[in-house]
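Shown next, in C-alpha cells, is the structure this report addresses.
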4 protein chains.
Amino acid sequence: MQTPPRRRLRELGISVGHYLPGRFNAITDVPGVLVGHSTIIEGDGPLRVGQGPVRTGVTAILPNRDVFEERVVGSGFILHGAGEVSGLTQIMEWGLIETPILLTTTLSVGICVDAVIDWMLEAQPGIGHTHEVVIPVVGECDDSWLNDAAGRHLTAKHVYEALANARSGLVTMGSVGGGTGMVCCDLKGGIGSSSRRLPIDEGGFTLGVLVMSNFGHLADLRIGGAPVGVLLDSDPAFRVDRRIDNYGSIIAVVATNAPLLSHQLHRLCKRVALGIGRAGSWAAHGSGEIVLGFSTANKIPRESRRMTYKMKILLDQRMNALYKAAVEATEEAILDSMCMAVPMTGHSGHHAPALPIEQLPELLVRARAMTSV
Amino acid sequence: MQTPPRRRLRELGISVGHYLPGRFNAITDVPGVLVGHSTIIEGDGPLRVGQGPVRTGVTAILPNRDVFEERVVGSGFILHGAGEVSGLTQIMEWGLIETPILLTTTLSVGICVDAVIDWMLEAQPGIGHTHEVVIPVVGECDDSWLNDAAGRHLTAKHVYEALANARSGLVTMGSVGGGTGMVCCDLKGGIGSSSRRLPIDEGGFTLGVLVMSNFGHLADLRIGGAPVGVLLDSDPAFRVDRRIDNYGSIIAVVATNAPLLSHQLHRLCKRVALGIGRAGSWAAHGSGEIVLGFSTANKIPRESRRMTYKMKILLDQRMNALYKAAVEATEEAILDSMCMAVPMTGHSGHHAPALPIEQLPELLVRARAMTSV
Amino acid sequence: MQTPPRRRLRELGISVGHYLPGRFNAITDVPGVLVGHSTIIEGDGPLRVGQGPVRTGVTAILPNRDVFEERVVGSGFILHGAGEVSGLTQIMEWGLIETPILLTTTLSVGICVDAVIDWMLEAQPGIGHTHEVVIPVVGECDDSWLNDAAGRHLTAKHVYEALANARSGLVTMGSVGGGTGMVCCDLKGGIGSSSRRLPIDEGGFTLGVLVMSNFGHLADLRIGGAPVGVLLDSDPAFRVDRRIDNYGSIIAVVATNAPLLSHQLHRLCKRVALGIGRAGSWAAHGSGEIVLGFSTANKIPRESRRMTYKMKILLDQRMNALYKAAVEATEEAILDSMCMAVPMTGHSGHHAPALPIEQLPELLVRARAMTSV
Amino acid sequence: MQTPPRRRLRELGISVGHYLPGRFNAITDVPGVLVGHSTIIEGDGPLRVGQGPVRTGVTAILPNRDVFEERVVGSGFILHGAGEVSGLTQIMEWGLIETPILLTTTLSVGICVDAVIDWMLEAQPGIGHTHEVVIPVVGECDDSWLNDAAGRHLTAKHVYEALANARSGLVTMGSVGGGTGMVCCDLKGGIGSSSRRLPIDEGGFTLGVLVMSNFGHLADLRIGGAPVGVLLDSDPAFRVDRRIDNYGSIIAVVATNAPLLSHQLHRLCKRVALGIGRAGSWAAHGSGEIVLGFSTANKIPRESRRMTYKMKILLDQRMNALYKAAVEATEEAILDSMCMAVPMTGHSGHHAPALPIEQLPELLVRARAMTSV
C-alpha cells in the first residue's frame, strides 16, 4: 500500500490562532536561522542492541552561520525536567547561545556533544587553548520505542551532515533528523515547525518555533482545542499497545528577530510551554519538556576592549503579541510534526501510525461536536 | 431587568476533562480545607478615591482549622510574576504553609497581612516572642477597573469575617470575596473552584483548585478548547471599551490529600499553569499569574525534640493522574468563576457583563464549528 | 557609665578588601541613591504586648527621588528564604524597581506596604485607576528579642518620616531605622553600609551595599577572616543566654551605577551572599538572607509610544571587579553595622552588647593568632 | 630536585572549622560512597592539538555500588553557571541521582557521558528498551592551560578505569583523576575532599565534600580566613603570567547520610557555595561553580506496584549543624586539593606551582598579621 503524501495542517484547510505565518511557516522565517537534518533508517525486525533496527537522526538549528563569533541572546524554560539539554546551565547564566542547537535521541547526546566540538574546532582551531572552551547545546527525546537507542548508531558523521545541511527556507518535517524515531500522542511525531509574522503596529517581528515532539497519549491530542485524540482513541484502528508510564518529552526552540533580553526570552519560553499544553500535554512525570529561545536581533561581542555595549531592547509592554504568537506557533508546530510524519515500524514490530490527515477535517468536525471535553 | 440566577458549568450540561469532580466540585472536597469570603459592595457613580464606589473583598482558604500548629506541605509556581503573593519566599524555602491563604485586591495586601497577624496572635499569643514570627500568605489581583482600589476600603474586620466564615462544603463563587471586583476575559470573573476525585487504582486522591480570575481579553476565552471568546468578541453586545495593556492576573490555589513533597507540589502547580493556558491565558506582561499548592496528607511538626520524622510520600511515577486532574480542575474552576459571577457595574460606569450562560450551550456549538481557531 | 562613641571599622584602622571605598563609604556614594531612617525607642521593663518596650524602626532606600517615574533595573537573590521581601516576585519578573525599598521588622511589613502606597498616591494620584497599581518593596528581619514586635508600634507616620529623611551623603548606621532592634552574632547589629569605587581601568563604577544585620551566633563572627567571634565567645562578659534555633536574618541591598541588566544584577546579588558568608553567616534554617540589587545607570520607560529603547550594558566579561567589590563591601557593611551600633537593652531584660570596638584591634591580633579556625 | 611529599592540611597542624572530620577526612566517610580516579599524564613540550602534552583524567563518585537500582535523593545549586554538569536538569526535577557522578575536563564531557552509558548498559542491559533511558551526570572544569584539552585524550577506557577503581576509604587527592590538569588560585589544584562527623546530640550524621578545584587568582586564596594568597602574590617565586579573564570553575559534591529531602539538599548545596567563598572564590564571570548533593539515607524505589512509600526525614530545624559542617568541609576540601597537588608543567611551558606546604604554617602566621585584609 502506497502511503499518500503528507501535508501540513494549513494545506488541510485547518489553521491555528490569530496571527499569520511567515513565508515558510517555519523557524527559518526568522532571518538568518538555519535548519538541517541527518536521518538514519536501517534494518527491520526484532531489536538486537548494536545492530538495529535504526530509526534515529539529528537535527541542527543555527541562529546564524557563525554563532561562535556572532553570539545571540538566549534563554530557556523547563516545563518538566525529566530530560536533558546540554549547555542549558550556561545558556541560563550568560543569557546567550554560542553553539548550534542539536536535537537527537537521549543516549546519543554525548556523541553529539563531542561531534559538535570537533566541528567547531575546524572553524575555530583556537578553542580550548587561545580561546576558551565551548559547551555544545544538545537536546534530546527518547526514541527507544522504535529505535535501537542503546545501540547508539548516530556518529559524528551524521552530526556533520545535519550541520552541513543547515539552510534557510523550507524545513523538512515529520520523521526526519532528530524526529525520525519520535512518537507523539501514540502517533508518529518528530520535527515540526511554524512561524508568525506580527503586524507592523505590533512590531512587525517574526517568531518561529521548531519542535521535536515525543510526548503524550493518544487521548491527549487536541487540535485547535478540539479533542481529536479522544475520538481517535476510541477507534480500534488506532488502538496501540504502547502503554508506558515514563514516556514522552518534547524539546521546543523558539526564535525571533524581536530584540529581546535573556529574561524576556525566558518568559517567551514559558508561553511556548502554554502552547505545548494547548496541543494536549500535561507534562508527564517521565517527560522532558524543555524550551530554548533565542533572539537574532543583537549580537553579543565575544571579545572587546570596551567596557560597555549598546543593545536595542523591546519594551516589556510590547511583548504581548509575541506571547500570543509563541502559543500559536508552538501548537501548530506540534501538529505539523504529526501531519508531516510518515507512519513508521521500528524494532520488534513496534509501529507508530500516522495522524490520519485525510480524515482530519471530518475528524475535527466530529471532535468539536463532542459535548464533554 | 432581573438577572436570571447563575449556574455552574456542569449545571449547563458542559463538562471539562476526564475525571469526575468531588461532591461539591470545589477545593473543599479535599478533606479539611475551608473557604470563607467577605464581600464589600457599596456606592455607585464616578470614582472618588477614598469614598468609592467599592467592589472588593477578601477570600480565605485554610488548609485546616489550626494551620499554625498543623503545618502542611506547600509550594508554588510563578507563571508570570507581575503580581504578589506575600510569604511566597518562605513557602518556597521551607516547603510548607503555616498561615491561612488570603486572596484580595492588590493595594490591600498590606492591610490583609497585618490583619492576619492580629488574627493569629489571638489564637497564638506567643507569636513574636516565645514563638517565632509568622509571614502571612496574601495573594492579589487588581480590581481597580470596577473598584475604588486606591481607597483601600478593606479593613481588618473583613479579613476576620472571611476567616470566621471559612467552612467546608459548598463554596460560594463568582463576584464574592476577593473576586468581587475581578474581571476575566472582559467578562465578570472572580472566585471559581472545581475538584477531581481520582479512581481508586490511580490512588483515590482528591484534588481541588480555587482561582481568583482576573486575566485576559474576551477573544482569549476558551471553553473546553472551543474559541467561545472569539465568537463573543464579534458580538456588539459584548463590545467592551476596556482595552488596557497591563491588565490581568490570576491566583490559583491547588490542594490535594495525596501525600506530596514540596517539590512534587511545585510540579503540580506548573500543571495548574497549563490549565490556565487551556482556559485562554497567554500570561500577559502586566499579569500576575501565580499558583500555590498544598497537600493535607502530612503535618510538619513545628516543635519537636526529635531529630527526624516520617512521611508517607506518593511515588513520583504515580503523579500523572494528579497532573491531568490539575489541568482539568483549573480550567473548570476558571470557567465556573465566570459562570457564577453576576454582572457588575463599578465606578465611572465601568461595567463587566456576565458570561451569557443561558446561551452557552448554543455558543459552544457555534464556537466548535468555527474553522479557524 | 557613659558609652564611648561608636566608630566605623576603618576609623579603627581596620580595612577589608582590596578596593577603596567611596567618599562616604556608604550606598549613597552611588550617585542619586538616598537613605533615610525612622527610629522608635520607647519604654523599658518586661514585655507587655501592645505597650512595649519598643525598639524598632524603618529604613528607606530610594534609587532616586522619583523612582515611580524613573524606574531602575533591579533583581535579587535568596540565599535562604525564611523571610520576606514584599514585591520580590515582581522585581524578579520585570527586572526593575519602581518603589522605594523599606527595611523593617517582620510583623510590620504589612503596615509599611500600606503606608508606602499612601505615600506614592500623594505623588502619583493616578495609581490604582489611570495608572496601574504598585507593589511596594519591604524587607524584614525579626527584632522580637529586644522589641515588642507583636505590638507593631510602627505606623505610617514612621514610614513617611523615613522617606522624608532620605538623603544622599552620610548614612547613619547601627541601632537606627529598621536596624534599631536587630541583633547580629549575639551583639547589637542593625544598619551598616559600605561602598567601593572601581579604578578607571576597571570601569570607574561605584558600588554600595546597605545591610540590616540580624543573623548569627557570636562564635560565627569573622572580621577580615579572623575568628573574632570564637574569641569573644570564650569571654564571660559576652556570654549570652540567647540561644534560639530560629534566629537571624539579613537583608542586603546592593546598588551600582554600572550599567547592568537584571540578570547581571542577579549574579551580583549572589556575590553579596558570598560576602555575607565571609562575615560568618552559614545561613541558618530560621534565617531570611535575602539580597536586592539595582543599577541606576539606565531608566526603564514606564509609558512609551515606541516599540524599543536602547540601553548601555556592561560587558559580562567586565563584571569581575564588581563581583569582588560586592563581596568586600558586604563584609564591611555588616561589620560597620556592629561597629556603629550602641548596646541596647530591650524588653524583659534582654540585652545586646555592642561589639567592643576599643579592643577590636587587639582582639583582631589575638584572633589571627588562633591556630585552629 | 626531588619534590618533597605532599601532605594534607591537618598534617601540617592546620585545621579549619569547628567539627571533627571522619576517619578518612573524605567524602568516603559517608558510608557506601565510593571514589575512583583515572589519570593521564603523557608528553611534554609545545601544544600539538591531538598529540599532547596530556594532563587530564576523570574522577568517579558513586553514592553506592548499584546506584541505578538504589537511587539516592539528590539536588544541586549553581553559584555561577559558566559550566556544565550533564544530567543536572533531571537531578533538579526528580530530586534523585541514579548514575555515577563523573568529574572531568570540559571538552570530554560528551565522551564521558557516552562511556557511562556503555558501562551502565553492561550491568543493566535493559536500559533503552525494557527500562527507560538514563542521563549520566558528568561535571567539568577546563584544564586547557596545562592539558591538550582540544585533543580530547580521554576515552571510554579511562572512564571504565575510574569506575572500576571506585572504593571506600582513603581518597587520593591533588593532581589525579579529573583534577590532574586543574589549577586553583594560580597554584596546582585538583581533587580535594574532607568530611565532618556531627556529635550525637546534633544527629551524629556524617557529611563529606569532594571538589575538583580550578578557580581563582593567587591573591584570592584564603586559609582559615587568612589572606595567604595576597602574601604569596607579592612573592616573585609565585609570580605567574597566567592572567586570563575567563578562568576558573569548581565542581563540588556534598554527600551525607542524614536523611534529607531534595529541597533540603538544595539548601545544603548553597552552604557549600558559602564554603567556596570562604576559600577565596568570588565566582568569576568565566567560572562554572556548581554544587551537587546527595543523601544516602533513603533509597527511592525505581519500580513499584505501590502508590506510596515512606521516608525518614531530618527535621528542618535540625539542619543547622549540617550547614556549618558543609561550609567547613568545603573550605578544607579545597585547601586539601592544593595541599596534596604536586606541581605540574603542562603544554607550552605552562607551569602550575604547588602550594608551598612546608612554609604554610609560617605563611599563615604572616598572613594573619597583615593589617589590611
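So you can find residues: chains in the C-alpha cells are A, B, ... in the order shown, residues in each start at 1, and ligands are numbered from 1 in order.
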
Taking only C-alpha atoms into account, which residues of chain B are within 7 Å of chain A, as a compact mmCIF listing (two decimals) with all heavy atoms, in the first residue's frame?
# COMPACT_ATOMS: atom_id res chain seq x y z
N ILE B 14 -22.32 21.16 30.54
CA ILE B 14 -20.99 21.21 29.94
C ILE B 14 -19.98 20.72 30.97
O ILE B 14 -19.96 21.20 32.10
CB ILE B 14 -20.63 22.64 29.51
CG1 ILE B 14 -21.70 23.19 28.56
CG2 ILE B 14 -19.25 22.69 28.87
CD1 ILE B 14 -21.64 24.69 28.35
N SER B 15 -19.17 19.76 30.57
CA SER B 15 -18.14 19.31 31.49
C SER B 15 -16.79 19.40 30.82
O SER B 15 -16.67 19.42 29.59
CB SER B 15 -18.42 17.89 31.96
OG SER B 15 -18.28 17.00 30.88
N VAL B 16 -15.77 19.47 31.62
CA VAL B 16 -14.41 19.64 31.13
C VAL B 16 -13.58 18.48 31.68
O VAL B 16 -13.57 18.24 32.89
CB VAL B 16 -13.84 20.98 31.63
CG1 VAL B 16 -12.32 21.02 31.44
CG2 VAL B 16 -14.50 22.13 30.90
N GLY B 17 -12.92 17.78 30.79
CA GLY B 17 -11.93 16.80 31.23
C GLY B 17 -12.51 15.43 31.46
O GLY B 17 -13.68 15.15 31.19
N GLY B 224 -13.50 24.39 27.06
CA GLY B 224 -13.20 23.04 26.56
C GLY B 224 -12.46 23.08 25.24
O GLY B 224 -12.63 22.21 24.40
N GLY B 225 -11.66 24.09 25.06
CA GLY B 225 -10.87 24.22 23.83
C GLY B 225 -11.57 25.01 22.74
O GLY B 225 -10.92 25.44 21.78
N ALA B 226 -12.86 25.25 22.87
CA ALA B 226 -13.61 25.94 21.81
C ALA B 226 -13.49 27.46 21.99
O ALA B 226 -13.63 27.96 23.10
CB ALA B 226 -15.07 25.53 21.83
N ARG B 271 1.36 22.40 36.39
CA ARG B 271 0.23 21.87 35.59
C ARG B 271 -1.00 22.76 35.77
O ARG B 271 -1.84 22.85 34.85
CB ARG B 271 -0.09 20.44 36.00
CG ARG B 271 0.81 19.39 35.33
CD ARG B 271 2.25 19.52 35.73
NE ARG B 271 3.12 18.58 35.05
CZ ARG B 271 4.41 18.49 35.31
NH1 ARG B 271 5.00 19.28 36.21
NH2 ARG B 271 5.15 17.63 34.64
N LEU B 274 -0.68 25.16 33.17
CA LEU B 274 -1.15 24.64 31.87
C LEU B 274 -2.67 24.73 31.77
O LEU B 274 -3.21 25.02 30.71
CB LEU B 274 -0.69 23.19 31.66
CG LEU B 274 0.81 22.96 31.51
CD1 LEU B 274 1.09 21.47 31.28
CD2 LEU B 274 1.41 23.79 30.38
N GLY B 277 -3.62 28.14 30.91
CA GLY B 277 -3.42 28.30 29.47
C GLY B 277 -4.56 27.70 28.66
O GLY B 277 -4.99 28.26 27.65
N ARG B 278 -5.07 26.56 29.09
CA ARG B 278 -6.19 25.92 28.38
C ARG B 278 -7.43 26.82 28.35
O ARG B 278 -8.19 26.82 27.40
CB ARG B 278 -6.55 24.60 29.06
CG ARG B 278 -5.50 23.51 28.94
CD ARG B 278 -5.68 22.66 27.71
NE ARG B 278 -4.62 21.66 27.64
CZ ARG B 278 -4.75 20.39 28.01
NH1 ARG B 278 -5.92 19.95 28.46
NH2 ARG B 278 -3.74 19.55 27.91
N TRP B 282 -2.54 33.61 27.94
CA TRP B 282 -1.16 33.52 27.46
C TRP B 282 -0.26 34.35 28.37
O TRP B 282 0.88 34.64 28.03
CB TRP B 282 -1.06 33.94 25.99
CG TRP B 282 -1.98 35.06 25.65
CD1 TRP B 282 -3.26 34.96 25.18
CD2 TRP B 282 -1.72 36.46 25.81
NE1 TRP B 282 -3.81 36.21 25.05
CE2 TRP B 282 -2.89 37.14 25.40
CE3 TRP B 282 -0.62 37.19 26.23
CZ2 TRP B 282 -2.98 38.53 25.44
CZ3 TRP B 282 -0.71 38.57 26.26
CH2 TRP B 282 -1.88 39.23 25.88
N ALA B 284 -0.19 37.64 30.06
CA ALA B 284 0.24 38.93 29.53
C ALA B 284 1.29 39.59 30.41
O ALA B 284 1.45 39.25 31.58
CB ALA B 284 -0.97 39.84 29.40
N HIS B 285 1.97 40.56 29.81
CA HIS B 285 3.06 41.25 30.50
C HIS B 285 2.65 41.83 31.85
O HIS B 285 3.42 41.82 32.81
CB HIS B 285 3.60 42.37 29.63
CG HIS B 285 4.42 43.34 30.39
ND1 HIS B 285 5.62 43.00 30.94
CD2 HIS B 285 4.18 44.64 30.76
CE1 HIS B 285 6.11 44.03 31.60
NE2 HIS B 285 5.27 45.03 31.52
N ASP B 316 6.80 9.22 42.66
CA ASP B 316 6.81 10.16 41.53
C ASP B 316 6.06 9.60 40.31
O ASP B 316 5.33 10.34 39.64
CB ASP B 316 8.26 10.45 41.11
CG ASP B 316 8.83 11.65 41.84
OD1 ASP B 316 8.11 12.31 42.60
OD2 ASP B 316 10.02 11.95 41.62
N GLN B 317 6.27 8.33 40.06
CA GLN B 317 5.65 7.71 38.88
C GLN B 317 4.13 7.71 38.95
O GLN B 317 3.46 7.45 37.96
CB GLN B 317 6.10 6.26 38.73
CG GLN B 317 7.58 6.01 38.67
CD GLN B 317 8.23 5.79 40.02
OE1 GLN B 317 8.15 6.65 40.90
NE2 GLN B 317 8.88 4.66 40.20
N MET B 319 2.28 10.32 39.81
CA MET B 319 1.77 11.69 39.80
C MET B 319 0.96 12.03 38.56
O MET B 319 0.26 13.04 38.54
CB MET B 319 2.92 12.68 39.95
CG MET B 319 3.55 12.61 41.34
SD MET B 319 4.35 14.16 41.78
CE MET B 319 2.96 15.29 41.82
N ASN B 320 1.05 11.22 37.54
CA ASN B 320 0.42 11.61 36.27
C ASN B 320 -1.08 11.90 36.39
O ASN B 320 -1.57 12.87 35.81
CB ASN B 320 0.66 10.52 35.22
CG ASN B 320 2.09 10.58 34.68
OD1 ASN B 320 2.78 11.58 34.88
ND2 ASN B 320 2.53 9.53 34.02
N TYR B 323 -1.55 15.24 37.73
CA TYR B 323 -1.23 16.28 36.74
C TYR B 323 -2.45 16.54 35.83
O TYR B 323 -2.83 17.69 35.60
CB TYR B 323 -0.05 15.85 35.88
CG TYR B 323 1.28 15.83 36.60
CD1 TYR B 323 2.36 15.11 36.09
CD2 TYR B 323 1.49 16.55 37.78
CE1 TYR B 323 3.60 15.10 36.73
CE2 TYR B 323 2.72 16.53 38.43
CZ TYR B 323 3.77 15.81 37.90
OH TYR B 323 4.99 15.79 38.52
N LYS B 324 -3.02 15.45 35.35
CA LYS B 324 -4.19 15.62 34.47
C LYS B 324 -5.34 16.25 35.23
O LYS B 324 -6.03 17.14 34.71
CB LYS B 324 -4.61 14.26 33.90
CG LYS B 324 -3.69 13.76 32.80
CD LYS B 324 -4.25 12.52 32.12
CE LYS B 324 -3.79 11.27 32.85
NZ LYS B 324 -4.08 10.04 32.08
N VAL B 365 -21.65 25.22 20.61
CA VAL B 365 -21.83 24.54 19.33
C VAL B 365 -21.29 25.40 18.20
O VAL B 365 -20.56 24.93 17.32
CB VAL B 365 -23.34 24.23 19.11
CG1 VAL B 365 -23.58 23.75 17.68
CG2 VAL B 365 -23.81 23.20 20.13
N ARG B 368 -17.47 25.69 18.31
CA ARG B 368 -16.80 24.46 17.87
C ARG B 368 -16.84 24.33 16.35
O ARG B 368 -15.99 23.65 15.77
CB ARG B 368 -17.46 23.25 18.51
CG ARG B 368 -17.05 23.06 19.96
CD ARG B 368 -17.95 22.08 20.64
NE ARG B 368 -17.45 21.75 21.96
CZ ARG B 368 -18.20 21.35 22.97
NH1 ARG B 368 -19.50 21.23 22.82
NH2 ARG B 368 -17.66 21.08 24.13
N ALA B 369 -17.82 24.95 15.76
CA ALA B 369 -17.95 24.84 14.31
C ALA B 369 -17.05 25.82 13.57
O ALA B 369 -16.94 25.76 12.35
CB ALA B 369 -19.41 25.06 13.91
N THR B 371 -14.02 27.29 11.82
CA THR B 371 -12.98 26.51 11.13
C THR B 371 -11.59 26.95 11.56
O THR B 371 -10.68 26.15 11.64
CB THR B 371 -13.11 26.64 9.61
OG1 THR B 371 -13.27 28.03 9.30
CG2 THR B 371 -14.31 25.85 9.12
N SER B 372 -11.43 28.23 11.78
CA SER B 372 -10.10 28.68 12.20
C SER B 372 -10.13 28.95 13.70
O SER B 372 -11.01 29.62 14.20
CB SER B 372 -9.71 29.96 11.47
OG SER B 372 -8.47 30.40 11.95
N VAL B 373 -9.22 28.38 14.39
CA VAL B 373 -9.21 28.50 15.85
C VAL B 373 -7.80 28.89 16.32
O VAL B 373 -7.54 28.82 17.50
CB VAL B 373 -9.64 27.18 16.49
CG1 VAL B 373 -11.10 26.94 16.20
CG2 VAL B 373 -8.82 26.03 15.95

(request) With a distance cut-off of 8 Å and only C-alpha atoms, select the neighbouring residues of range 93-102 of chain A, excluding the residue or stretch itself and same-chain residues fewer than 5 positions from it, and output the selection as a ChimeraX atom specification. (result) /A:58-63,67-75,112,116,134-139,261-263,294,300 /C:316 /D:80-82

(request) Please provide as a list in words all residues within 8 Å of Asn147 in chain C, with the sequence filter that same-chain residues fewer than 4 positions apart are discarded (counting only C-alpha atoms). (result)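 Here the answer would be Gly52, Pro53, Val54, Arg55, Thr56, Asp143, Gly181, Gly346 and His347 of chain C.
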
(message) Which residue is closest to Arg6 in chain A? Choose from A:Thr296, A:Ser86, A:Ser337, A:Ser194 and count only C-alpha atoms.
(response) A:Ser337

(request) Extract, using only C-alpha atoms, all DNA, RNA and protein residues at most 9 Å from Gly177 in chain C, discarding same-chain residues fewer than 3 positions from it, and format them as a PyMOL selection string. (result) chain C and resi 36-40+56-60+103-104+162+172-174+180-181+190-191

(request) List the neighbours of Thr206 in chain B out to 10 Å using only C-alpha atoms; skip same-chain residues closer than 3 positions along the sequence, and give me the result as a PyMOL selection string. (result) chain B and resi 21-22+27-31+195-199+203+255-258+322+325

(request) Mind giving me the straight-line distance from CA of Asn64 in chain A to CA of Lys310 in chain C in Å, one decimal? (result) 23.2 Å

(request) Identify all residues of range 233-343 of chain B in helix (DSSP H, G or I) (DSSP on the backbone) and supply them as number ranges by chain. (result) B: 233, 236-238, 262-278, 316-318, 320-339

(request) Write out as a ChimeraX atom specification which residues come within 6 Å of Cys141 in chain D when counting only C-alpha atoms, dropping same-chain ones fewer than 6 positions away. (result) /D:105-106,249

(request) Would you mind reading off the distance between CA of His129 in chain A and CA of Asp44 in chain D, one decimal, in Å? (result)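 Pair CA of His129 in chain A / CA of Asp44 in chain D returns 15.8 Å.
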